Every structure is written in C-alpha cells, then in structure tokens.
Amino acid sequence: MDKLKRVLSGQDEGSADGSGILERANQASTLAWGTRMKGFLICFVLGAFFSILATCLLWIPGFGLPVFAVLYTSGNICALASTMFLMGPLRQLKTMCAKERALATVIMLACLVLTLCAAFWWKNNGLALLFCILQFLAFTWYGLSYIPFAREAVIRFFSLCM
C-alpha cells in the first residue's frame with residue numbers, strides 16, 4: 001500500500017530495471033506546471049484554429065482541398081502535440097504505443113501522411129478527403145481511449161442504433 005501511495009504522489013524511486021533513471025531524467029527536464037499549461041493551451045487552440053480554418057477554406061474552388069488537407073493535418077498534429085506538454089514527450093509516446101491505443105495511433109499517423117500524399121503527390125481530391133475523414137475517426141477513437149469506458153459506451157450506442 002505504501003508503494004501505491006508513493007507512485008500516486010510521484011515519489012516512487014523507480015524500479016531496479018533502470019526505467020526509474022529514465023523517468024527521473026524526464027521529470028528533471030520538464031517545464032513548470034504553468035508553462036506546461038500555457039504550451040498545452042497554445043497548441044490546442046492553434047490546432048482548433050487550423051481545423052476550423054481548414055473547413056472554411058475547403059469550399060474555395062480550385063485549391064481548397066489541398067489547403068484543407070494541409071491545415072487539417074496541421075491542426076491534428078498541433079492537438080496531438082498539445083498533450084505532450086501535459087504528460088511529457090516520453091510518457092506521451094509510451095501511452096500512444098500502449099496496447100489499447102496502438103491500432104488507433106498507427107491508423108491516425110498513417111492517415112496524417114496519406115492525406116498529404118493524396119493532396120500533393122497523387123493529386124487525388126477524393127482520397128485526400130477520405131483520409132481526412134479517417135484521420136478524424138482515428139483521432140476520435142484515440143482520444144476516447146483516455147476516458148474510462150468511453151469506447152465501450154460508443155460501441156453500445158452504435159449497436160443499439162443498428
């Protein structure tokens with residue numbers, strides 16, 4: 001019970017396998033709480049702004065979809081980076097690769113790249129839009145994994161609708 005209290009309060013000395021050293025180094029290099037909150041808010045607001053701006057510029061004839069793809073992808077990257085200010089980059093990467101999030105992470109990152117490829121390299125507007133939609137769904141599914149029982153509730157909701 002004492003070990004659990006130390007872990008929850010952040011006073012754990014680490015384990016014998018050396019991961020405690022890495023964790024302590026990460027904690028020693030972290031920013032102050034206020035700075036982390038400012039970084040989180042700036043990145044999150046910037047991500048939301050890029051996503052909203054992308055949606056507005058989607059309807060411009062001729063070059064709307066490539067601009068949309070870039071801004072929407074940039075918005076998702078900013079939103080993802082915002083959580084690194086709260087958790088720290090190392091912990092963020094560990095949680096992204098956790099068993100319950102690994103598939104959503106891979107799909108989300110692949111769709112980020114494929115959106116840009118479809119918009120600029122392949123010049124296929126339909127694929128770019130499809131990958132943006134898949135980006136949104138994967139990012140939503142990834143985000144729901146942080147809320148206890150949220151994924152199960154969404155699955156139950158859609159199974160009831162069917």
# chains A, B, ... in the order shown; residues from 1 in each chain; ligands from 1
call {"tool": "residues_around", "arguments": {"residues": "Phe68 of chain A", "least_positions_apart": "4", "cutoff": "8 Å", "atoms": "only C-alpha atoms", "output": "PyMOL selection string"}}
result
chain A and resi 54-55+57-58+64+72
call {"tool": "select_by_dssp", "arguments": {"residues": "chain A", "states": "helix (DSSP H, G or I)", "output": "short mmCIF file (atom, residue, chain, number, x, y, z; two decimals) with N, CA and C atoms, in the first residue's frame"}}
result
data_model
loop_
_atom_site.label_atom_id
_atom_site.label_comp_id
_atom_site.auth_asym_id
_atom_site.auth_seq_id
_atom_site.Cartn_x
_atom_site.Cartn_y
_atom_site.Cartn_z
N ASP A 2 1.99 1.21 0.74
CA ASP A 2 2.89 2.37 0.76
C ASP A 2 3.48 2.62 -0.61
N LYS A 3 3.81 1.55 -1.35
CA LYS A 3 4.36 1.69 -2.70
C LYS A 3 3.34 2.40 -3.60
N LEU A 4 2.05 2.02 -3.49
CA LEU A 4 1.00 2.64 -4.28
C LEU A 4 0.88 4.13 -3.96
N LYS A 5 0.95 4.48 -2.68
CA LYS A 5 0.89 5.88 -2.29
C LYS A 5 2.05 6.67 -2.87
N ARG A 6 3.27 6.06 -2.83
CA ARG A 6 4.45 6.74 -3.38
C ARG A 6 4.31 6.94 -4.89
N VAL A 7 3.80 5.93 -5.58
CA VAL A 7 3.64 6.03 -7.03
C VAL A 7 2.63 7.11 -7.38
N LEU A 8 1.48 7.11 -6.69
CA LEU A 8 0.43 8.09 -6.99
C LEU A 8 0.84 9.51 -6.62
N SER A 9 1.69 9.66 -5.64
CA SER A 9 2.14 11.01 -5.28
C SER A 9 3.38 11.43 -6.03
N SER A 19 14.42 1.66 -15.59
CA SER A 19 13.43 2.57 -16.15
C SER A 19 13.21 3.76 -15.21
N GLY A 20 13.51 3.62 -13.93
CA GLY A 20 13.37 4.72 -12.99
C GLY A 20 14.33 5.85 -13.31
N ILE A 21 15.52 5.52 -13.79
CA ILE A 21 16.51 6.53 -14.16
C ILE A 21 15.99 7.37 -15.31
N LEU A 22 15.45 6.70 -16.32
CA LEU A 22 14.89 7.40 -17.47
C LEU A 22 13.72 8.27 -17.06
N GLU A 23 12.89 7.76 -16.19
CA GLU A 23 11.72 8.51 -15.72
C GLU A 23 12.17 9.72 -14.90
N ARG A 24 13.18 9.57 -14.05
CA ARG A 24 13.69 10.69 -13.26
C ARG A 24 14.33 11.75 -14.15
N ALA A 25 15.03 11.31 -15.19
CA ALA A 25 15.63 12.28 -16.13
C ALA A 25 14.55 13.05 -16.85
N ASN A 26 13.47 12.37 -17.22
CA ASN A 26 12.36 13.04 -17.88
C ASN A 26 11.69 14.04 -16.95
N GLN A 27 11.53 13.68 -15.68
CA GLN A 27 10.90 14.57 -14.72
C GLN A 27 11.79 15.78 -14.42
N ALA A 28 13.10 15.57 -14.40
CA ALA A 28 14.03 16.66 -14.10
C ALA A 28 14.05 17.70 -15.21
N TRP A 33 4.61 23.80 -14.11
CA TRP A 33 3.20 23.50 -14.40
C TRP A 33 2.54 24.62 -15.20
N GLY A 34 2.78 25.85 -14.85
CA GLY A 34 2.18 26.98 -15.56
C GLY A 34 2.65 27.05 -17.01
N THR A 35 3.92 26.79 -17.23
CA THR A 35 4.46 26.79 -18.59
C THR A 35 3.87 25.66 -19.40
N ARG A 36 3.71 24.49 -18.77
CA ARG A 36 3.11 23.36 -19.48
C ARG A 36 1.66 23.65 -19.85
N MET A 37 0.91 24.30 -18.95
CA MET A 37 -0.48 24.64 -19.26
C MET A 37 -0.56 25.66 -20.39
N LYS A 38 0.35 26.63 -20.40
CA LYS A 38 0.38 27.62 -21.48
C LYS A 38 0.70 26.95 -22.81
N GLY A 39 1.69 26.06 -22.81
CA GLY A 39 2.03 25.33 -24.02
C GLY A 39 0.89 24.47 -24.52
N PHE A 40 0.21 23.79 -23.58
CA PHE A 40 -0.95 22.98 -23.94
C PHE A 40 -2.03 23.84 -24.58
N LEU A 41 -2.38 24.95 -23.92
CA LEU A 41 -3.45 25.81 -24.43
C LEU A 41 -3.10 26.41 -25.79
N ILE A 42 -1.86 26.86 -25.96
CA ILE A 42 -1.45 27.45 -27.23
C ILE A 42 -1.55 26.42 -28.35
N CYS A 43 -1.00 25.22 -28.11
CA CYS A 43 -1.05 24.19 -29.15
C CYS A 43 -2.47 23.74 -29.43
N PHE A 44 -3.27 23.59 -28.39
CA PHE A 44 -4.64 23.13 -28.57
C PHE A 44 -5.47 24.16 -29.33
N VAL A 45 -5.35 25.42 -28.94
CA VAL A 45 -6.10 26.49 -29.62
C VAL A 45 -5.62 26.63 -31.07
N LEU A 46 -4.32 26.54 -31.28
CA LEU A 46 -3.77 26.61 -32.64
C LEU A 46 -4.28 25.45 -33.49
N GLY A 47 -4.34 24.26 -32.91
CA GLY A 47 -4.88 23.09 -33.62
C GLY A 47 -6.34 23.27 -33.98
N ALA A 48 -7.13 23.78 -33.02
CA ALA A 48 -8.55 24.02 -33.30
C ALA A 48 -8.71 25.11 -34.36
N PHE A 49 -7.90 26.15 -34.28
CA PHE A 49 -7.95 27.23 -35.27
C PHE A 49 -7.62 26.70 -36.67
N PHE A 50 -6.56 25.89 -36.78
CA PHE A 50 -6.20 25.32 -38.08
C PHE A 50 -7.32 24.45 -38.64
N SER A 51 -7.95 23.66 -37.78
CA SER A 51 -9.03 22.78 -38.24
C SER A 51 -10.24 23.58 -38.71
N ILE A 52 -10.60 24.62 -37.96
CA ILE A 52 -11.75 25.46 -38.36
C ILE A 52 -11.43 26.23 -39.63
N LEU A 53 -10.22 26.79 -39.71
CA LEU A 53 -9.81 27.50 -40.91
C LEU A 53 -9.79 26.56 -42.12
N ALA A 54 -9.34 25.34 -41.91
CA ALA A 54 -9.32 24.36 -43.00
C ALA A 54 -10.73 24.09 -43.51
N THR A 55 -11.68 23.96 -42.61
CA THR A 55 -13.06 23.72 -43.01
C THR A 55 -13.62 24.90 -43.79
N CYS A 56 -13.27 26.11 -43.38
CA CYS A 56 -13.75 27.30 -44.10
C CYS A 56 -13.13 27.39 -45.50
N LEU A 57 -11.86 27.03 -45.62
CA LEU A 57 -11.17 27.15 -46.90
C LEU A 57 -11.43 25.97 -47.84
N GLY A 64 -8.95 24.57 -52.83
CA GLY A 64 -9.50 24.41 -51.48
C GLY A 64 -9.12 23.12 -50.80
N LEU A 65 -9.17 21.99 -51.53
CA LEU A 65 -8.92 20.71 -50.88
C LEU A 65 -7.47 20.52 -50.45
N PRO A 66 -6.47 20.86 -51.28
CA PRO A 66 -5.10 20.72 -50.78
C PRO A 66 -4.81 21.61 -49.56
N VAL A 67 -5.35 22.82 -49.56
CA VAL A 67 -5.17 23.71 -48.41
C VAL A 67 -5.87 23.11 -47.19
N PHE A 68 -7.07 22.58 -47.41
CA PHE A 68 -7.80 21.91 -46.34
C PHE A 68 -6.99 20.76 -45.77
N ALA A 69 -6.42 19.93 -46.64
CA ALA A 69 -5.65 18.76 -46.18
C ALA A 69 -4.46 19.18 -45.32
N VAL A 70 -3.75 20.21 -45.76
CA VAL A 70 -2.57 20.66 -45.01
C VAL A 70 -2.98 21.27 -43.67
N LEU A 71 -3.97 22.16 -43.68
CA LEU A 71 -4.37 22.82 -42.44
C LEU A 71 -5.02 21.84 -41.47
N TYR A 72 -5.85 20.94 -41.97
CA TYR A 72 -6.50 19.97 -41.09
C TYR A 72 -5.48 19.02 -40.47
N THR A 73 -4.51 18.57 -41.26
CA THR A 73 -3.46 17.70 -40.75
C THR A 73 -2.59 18.46 -39.74
N SER A 74 -2.28 19.71 -40.03
CA SER A 74 -1.51 20.54 -39.10
C SER A 74 -2.27 20.73 -37.79
N GLY A 75 -3.57 20.91 -37.90
CA GLY A 75 -4.40 21.06 -36.70
C GLY A 75 -4.37 19.81 -35.84
N ASN A 76 -4.45 18.65 -36.46
CA ASN A 76 -4.39 17.40 -35.70
C ASN A 76 -3.03 17.20 -35.06
N ILE A 77 -1.97 17.56 -35.78
CA ILE A 77 -0.63 17.43 -35.21
C ILE A 77 -0.46 18.37 -34.02
N CYS A 78 -0.97 19.59 -34.13
CA CYS A 78 -0.90 20.54 -33.00
C CYS A 78 -1.71 20.03 -31.81
N ALA A 79 -2.88 19.49 -32.07
CA ALA A 79 -3.71 18.95 -30.98
C ALA A 79 -3.01 17.77 -30.30
N LEU A 80 -2.37 16.93 -31.08
CA LEU A 80 -1.64 15.80 -30.52
C LEU A 80 -0.42 16.29 -29.74
N ALA A 81 0.26 17.29 -30.25
CA ALA A 81 1.44 17.83 -29.57
C ALA A 81 1.05 18.55 -28.28
N SER A 82 -0.16 19.07 -28.21
CA SER A 82 -0.57 19.79 -27.01
C SER A 82 -0.55 18.89 -25.78
N THR A 83 -0.90 17.63 -25.95
CA THR A 83 -0.90 16.73 -24.80
C THR A 83 0.51 16.38 -24.35
N MET A 84 1.49 16.57 -25.23
CA MET A 84 2.88 16.33 -24.81
C MET A 84 3.32 17.33 -23.75
N PHE A 85 2.72 18.52 -23.75
CA PHE A 85 3.04 19.49 -22.71
C PHE A 85 2.52 19.04 -21.35
N LEU A 86 1.39 18.34 -21.34
CA LEU A 86 0.83 17.89 -20.08
C LEU A 86 1.55 16.66 -19.55
N MET A 87 1.83 15.70 -20.41
CA MET A 87 2.41 14.43 -19.99
C MET A 87 3.93 14.39 -20.09
N PRO A 89 6.98 14.33 -23.43
CA PRO A 89 7.08 13.59 -24.69
C PRO A 89 7.29 12.10 -24.50
N LEU A 90 8.11 11.71 -23.54
CA LEU A 90 8.38 10.28 -23.34
C LEU A 90 7.13 9.53 -22.90
N ARG A 91 6.44 10.08 -21.93
CA ARG A 91 5.22 9.43 -21.44
C ARG A 91 4.13 9.42 -22.53
N GLN A 92 4.06 10.49 -23.31
CA GLN A 92 3.09 10.55 -24.40
C GLN A 92 3.35 9.43 -25.40
N LEU A 93 4.61 9.25 -25.79
CA LEU A 93 4.94 8.18 -26.73
C LEU A 93 4.65 6.81 -26.15
N LYS A 94 4.91 6.64 -24.86
CA LYS A 94 4.60 5.35 -24.22
C LYS A 94 3.10 5.07 -24.23
N THR A 95 2.31 6.09 -23.92
CA THR A 95 0.87 5.88 -23.88
C THR A 95 0.29 5.71 -25.28
N MET A 96 0.89 6.37 -26.26
CA MET A 96 0.42 6.21 -27.64
C MET A 96 0.65 4.78 -28.14
N ALA A 102 -2.58 1.37 -29.60
CA ALA A 102 -1.60 1.16 -30.68
C ALA A 102 -2.25 1.19 -32.06
N LEU A 103 -3.36 0.50 -32.23
CA LEU A 103 -4.01 0.44 -33.54
C LEU A 103 -4.52 1.83 -33.96
N ALA A 104 -5.17 2.52 -33.04
CA ALA A 104 -5.67 3.87 -33.36
C ALA A 104 -4.52 4.81 -33.66
N THR A 105 -3.40 4.67 -32.96
CA THR A 105 -2.23 5.52 -33.21
C THR A 105 -1.66 5.28 -34.59
N VAL A 106 -1.51 4.01 -34.95
CA VAL A 106 -0.95 3.68 -36.27
C VAL A 106 -1.86 4.18 -37.38
N ILE A 107 -3.16 3.97 -37.24
CA ILE A 107 -4.11 4.43 -38.27
C ILE A 107 -4.09 5.95 -38.36
N MET A 108 -4.07 6.62 -37.22
CA MET A 108 -4.07 8.08 -37.20
C MET A 108 -2.81 8.64 -37.87
N LEU A 109 -1.65 8.12 -37.51
CA LEU A 109 -0.40 8.62 -38.09
C LEU A 109 -0.30 8.28 -39.58
N ALA A 110 -0.77 7.09 -39.95
CA ALA A 110 -0.76 6.73 -41.37
C ALA A 110 -1.69 7.64 -42.17
N CYS A 111 -2.85 7.95 -41.61
CA CYS A 111 -3.78 8.85 -42.31
C CYS A 111 -3.25 10.27 -42.41
N LEU A 112 -2.48 10.71 -41.41
CA LEU A 112 -1.86 12.03 -41.49
C LEU A 112 -0.94 12.11 -42.72
N VAL A 113 -0.12 11.08 -42.89
CA VAL A 113 0.81 11.05 -44.02
C VAL A 113 0.07 10.84 -45.33
N LEU A 114 -0.88 9.92 -45.34
CA LEU A 114 -1.61 9.61 -46.58
C LEU A 114 -2.46 10.79 -47.06
N THR A 115 -2.96 11.59 -46.13
CA THR A 115 -3.72 12.78 -46.52
C THR A 115 -2.86 13.72 -47.34
N LEU A 116 -1.66 13.97 -46.84
CA LEU A 116 -0.75 14.87 -47.54
C LEU A 116 -0.28 14.27 -48.87
N CYS A 117 -0.04 12.95 -48.90
CA CYS A 117 0.35 12.28 -50.15
C CYS A 117 -0.77 12.40 -51.19
N ALA A 118 -2.00 12.17 -50.75
CA ALA A 118 -3.13 12.22 -51.69
C ALA A 118 -3.35 13.64 -52.21
N ALA A 119 -3.12 14.63 -51.37
CA ALA A 119 -3.36 16.01 -51.79
C ALA A 119 -2.27 16.54 -52.71
N PHE A 120 -1.02 16.17 -52.47
CA PHE A 120 0.08 16.79 -53.22
C PHE A 120 0.78 15.86 -54.19
N TRP A 121 1.01 14.63 -53.78
CA TRP A 121 1.76 13.73 -54.63
C TRP A 121 0.86 13.06 -55.66
N ASN A 125 -8.24 14.35 -55.01
CA ASN A 125 -9.06 15.04 -54.01
C ASN A 125 -9.95 14.09 -53.22
N GLY A 126 -10.50 13.09 -53.88
CA GLY A 126 -11.37 12.14 -53.20
C GLY A 126 -10.63 11.37 -52.12
N LEU A 127 -9.42 10.90 -52.44
CA LEU A 127 -8.62 10.18 -51.44
C LEU A 127 -8.21 11.10 -50.30
N ALA A 128 -7.86 12.33 -50.62
CA ALA A 128 -7.47 13.27 -49.57
C ALA A 128 -8.62 13.49 -48.59
N LEU A 129 -9.81 13.65 -49.12
CA LEU A 129 -10.98 13.83 -48.26
C LEU A 129 -11.27 12.57 -47.44
N LEU A 130 -11.14 11.41 -48.07
CA LEU A 130 -11.34 10.14 -47.36
C LEU A 130 -10.34 9.99 -46.21
N PHE A 131 -9.07 10.32 -46.48
CA PHE A 131 -8.06 10.21 -45.43
C PHE A 131 -8.27 11.24 -44.33
N CYS A 132 -8.82 12.40 -44.65
CA CYS A 132 -9.15 13.38 -43.61
C CYS A 132 -10.26 12.84 -42.71
N ILE A 133 -11.24 12.20 -43.30
CA ILE A 133 -12.33 11.61 -42.52
C ILE A 133 -11.79 10.49 -41.63
N LEU A 134 -10.92 9.64 -42.20
CA LEU A 134 -10.31 8.57 -41.41
C LEU A 134 -9.41 9.14 -40.31
N GLN A 135 -8.74 10.24 -40.60
CA GLN A 135 -7.94 10.94 -39.59
C GLN A 135 -8.82 11.34 -38.41
N PHE A 136 -9.95 11.95 -38.73
CA PHE A 136 -10.88 12.40 -37.69
C PHE A 136 -11.37 11.22 -36.85
N LEU A 137 -11.78 10.15 -37.52
CA LEU A 137 -12.30 8.98 -36.79
C LEU A 137 -11.22 8.33 -35.94
N ALA A 138 -10.02 8.18 -36.48
CA ALA A 138 -8.93 7.57 -35.72
C ALA A 138 -8.52 8.45 -34.54
N PHE A 139 -8.49 9.77 -34.75
CA PHE A 139 -8.13 10.68 -33.67
C PHE A 139 -9.20 10.67 -32.58
N THR A 140 -10.45 10.58 -32.97
CA THR A 140 -11.54 10.49 -32.00
C THR A 140 -11.45 9.19 -31.21
N TRP A 141 -11.21 8.08 -31.90
CA TRP A 141 -11.11 6.78 -31.23
C TRP A 141 -9.90 6.77 -30.29
N TYR A 142 -8.81 7.39 -30.72
CA TYR A 142 -7.61 7.52 -29.88
C TYR A 142 -7.93 8.34 -28.64
N GLY A 143 -8.60 9.47 -28.80
CA GLY A 143 -8.95 10.32 -27.68
C GLY A 143 -9.89 9.65 -26.70
N LEU A 144 -10.83 8.85 -27.22
CA LEU A 144 -11.77 8.14 -26.36
C LEU A 144 -11.08 7.10 -25.48
N ALA A 150 -15.35 4.86 -22.28
CA ALA A 150 -15.94 5.67 -23.36
C ALA A 150 -16.06 4.87 -24.64
N ARG A 151 -15.04 4.08 -24.97
CA ARG A 151 -15.12 3.28 -26.19
C ARG A 151 -16.25 2.26 -26.10
N GLU A 152 -16.39 1.64 -24.95
CA GLU A 152 -17.46 0.66 -24.77
C GLU A 152 -18.83 1.33 -24.90
N ALA A 153 -18.96 2.53 -24.37
CA ALA A 153 -20.23 3.26 -24.47
C ALA A 153 -20.54 3.60 -25.93
N VAL A 154 -19.53 4.00 -26.70
CA VAL A 154 -19.75 4.32 -28.12
C VAL A 154 -20.15 3.06 -28.89
N ILE A 155 -19.49 1.95 -28.59
CA ILE A 155 -19.83 0.68 -29.27
C ILE A 155 -21.26 0.28 -28.93
N ARG A 156 -21.63 0.39 -27.66
CA ARG A 156 -23.00 0.03 -27.24
C ARG A 156 -24.02 0.95 -27.91
N PHE A 157 -23.71 2.25 -27.98
CA PHE A 157 -24.62 3.20 -28.60
C PHE A 157 -24.87 2.84 -30.06
N PHE A 158 -23.80 2.58 -30.80
CA PHE A 158 -23.98 2.26 -32.22
C PHE A 158 -24.61 0.89 -32.42
N SER A 159 -24.37 -0.04 -31.51
CA SER A 159 -25.04 -1.35 -31.64
C SER A 159 -26.53 -1.22 -31.35
N LEU A 160 -26.92 -0.31 -30.45
CA LEU A 160 -28.34 -0.07 -30.21
C LEU A 160 -29.00 0.61 -31.39
N CYS A 161 -28.27 1.49 -32.07
CA CYS A 161 -28.82 2.18 -33.23
C CYS A 161 -29.04 1.22 -34.40
#
call {"tool": "atom_distance", "arguments": {"atom1": "atom CA of Arg101 of chain A", "atom2": "atom CA of Pro148 of chain A"}}
result
12.9 Å
call {"tool": "atom_distance", "arguments": {"atom1": "atom CA of Glu100 of chain A", "atom2": "atom CA of Met162 of chain A"}}
result
25.0 Å
call {"tool": "decode", "arguments": {"residues": "segment 69-133 of chain A", "atoms": "C-alpha atoms", "output": "tab-separated table (two decimals), in the first residue's frame"}}
result
chain	number	residue	atom	x	y	z
A	69	ALA	CA	-5.65	18.76	-46.18
A	70	VAL	CA	-2.57	20.66	-45.01
A	71	LEU	CA	-4.37	22.82	-42.44
A	72	TYR	CA	-6.50	19.97	-41.09
A	73	THR	CA	-3.46	17.70	-40.75
A	74	SER	CA	-1.51	20.54	-39.10
A	75	GLY	CA	-4.40	21.06	-36.70
A	76	ASN	CA	-4.39	17.40	-35.70
A	77	ILE	CA	-0.63	17.43	-35.21
A	78	CYS	CA	-0.90	20.54	-33.00
A	79	ALA	CA	-3.71	18.95	-30.98
A	80	LEU	CA	-1.64	15.80	-30.52
A	81	ALA	CA	1.44	17.83	-29.57
A	82	SER	CA	-0.57	19.79	-27.01
A	83	THR	CA	-0.90	16.73	-24.80
A	84	MET	CA	2.88	16.33	-24.81
A	85	PHE	CA	3.04	19.49	-22.71
A	86	LEU	CA	0.83	17.89	-20.08
A	87	MET	CA	2.41	14.43	-19.99
A	88	GLY	CA	5.87	14.98	-21.35
A	89	PRO	CA	7.08	13.59	-24.69
A	90	LEU	CA	8.38	10.28	-23.34
A	91	ARG	CA	5.22	9.43	-21.44
A	92	GLN	CA	3.09	10.55	-24.40
A	93	LEU	CA	4.94	8.18	-26.73
A	94	LYS	CA	4.60	5.35	-24.22
A	95	THR	CA	0.87	5.88	-23.88
A	96	MET	CA	0.42	6.21	-27.64
A	97	CYS	CA	2.06	2.80	-28.09
A	98	ALA	CA	0.11	1.14	-25.28
A	99	LYS	CA	-1.86	-1.96	-26.22
A	100	GLU	CA	-5.27	-0.27	-26.13
A	101	ARG	CA	-4.14	2.69	-28.28
A	102	ALA	CA	-1.60	1.16	-30.68
A	103	LEU	CA	-4.01	0.44	-33.54
A	104	ALA	CA	-5.67	3.87	-33.36
A	105	THR	CA	-2.23	5.52	-33.21
A	106	VAL	CA	-0.95	3.68	-36.27
A	107	ILE	CA	-4.11	4.43	-38.27
A	108	MET	CA	-4.07	8.08	-37.20
A	109	LEU	CA	-0.40	8.62	-38.09
A	110	ALA	CA	-0.76	6.73	-41.37
A	111	CYS	CA	-3.78	8.85	-42.31
A	112	LEU	CA	-1.86	12.03	-41.49
A	113	VAL	CA	0.81	11.05	-44.02
A	114	LEU	CA	-1.61	9.61	-46.58
A	115	THR	CA	-3.72	12.78	-46.52
A	116	LEU	CA	-0.75	14.87	-47.54
A	117	CYS	CA	0.35	12.28	-50.15
A	118	ALA	CA	-3.13	12.22	-51.69
A	119	ALA	CA	-3.36	16.01	-51.79
A	120	PHE	CA	0.08	16.79	-53.22
A	121	TRP	CA	1.76	13.73	-54.63
A	122	TRP	CA	-1.17	11.77	-56.08
A	123	LYS	CA	-3.35	14.90	-56.56
A	124	ASN	CA	-6.48	12.88	-55.80
A	125	ASN	CA	-9.06	15.04	-54.01
A	126	GLY	CA	-11.37	12.14	-53.20
A	127	LEU	CA	-8.62	10.18	-51.44
A	128	ALA	CA	-7.47	13.27	-49.57
A	129	LEU	CA	-10.98	13.83	-48.26
A	130	LEU	CA	-11.34	10.14	-47.36
A	131	PHE	CA	-8.06	10.21	-45.43
A	132	CYS	CA	-9.15	13.38	-43.61
A	133	ILE	CA	-12.33	11.61	-42.52
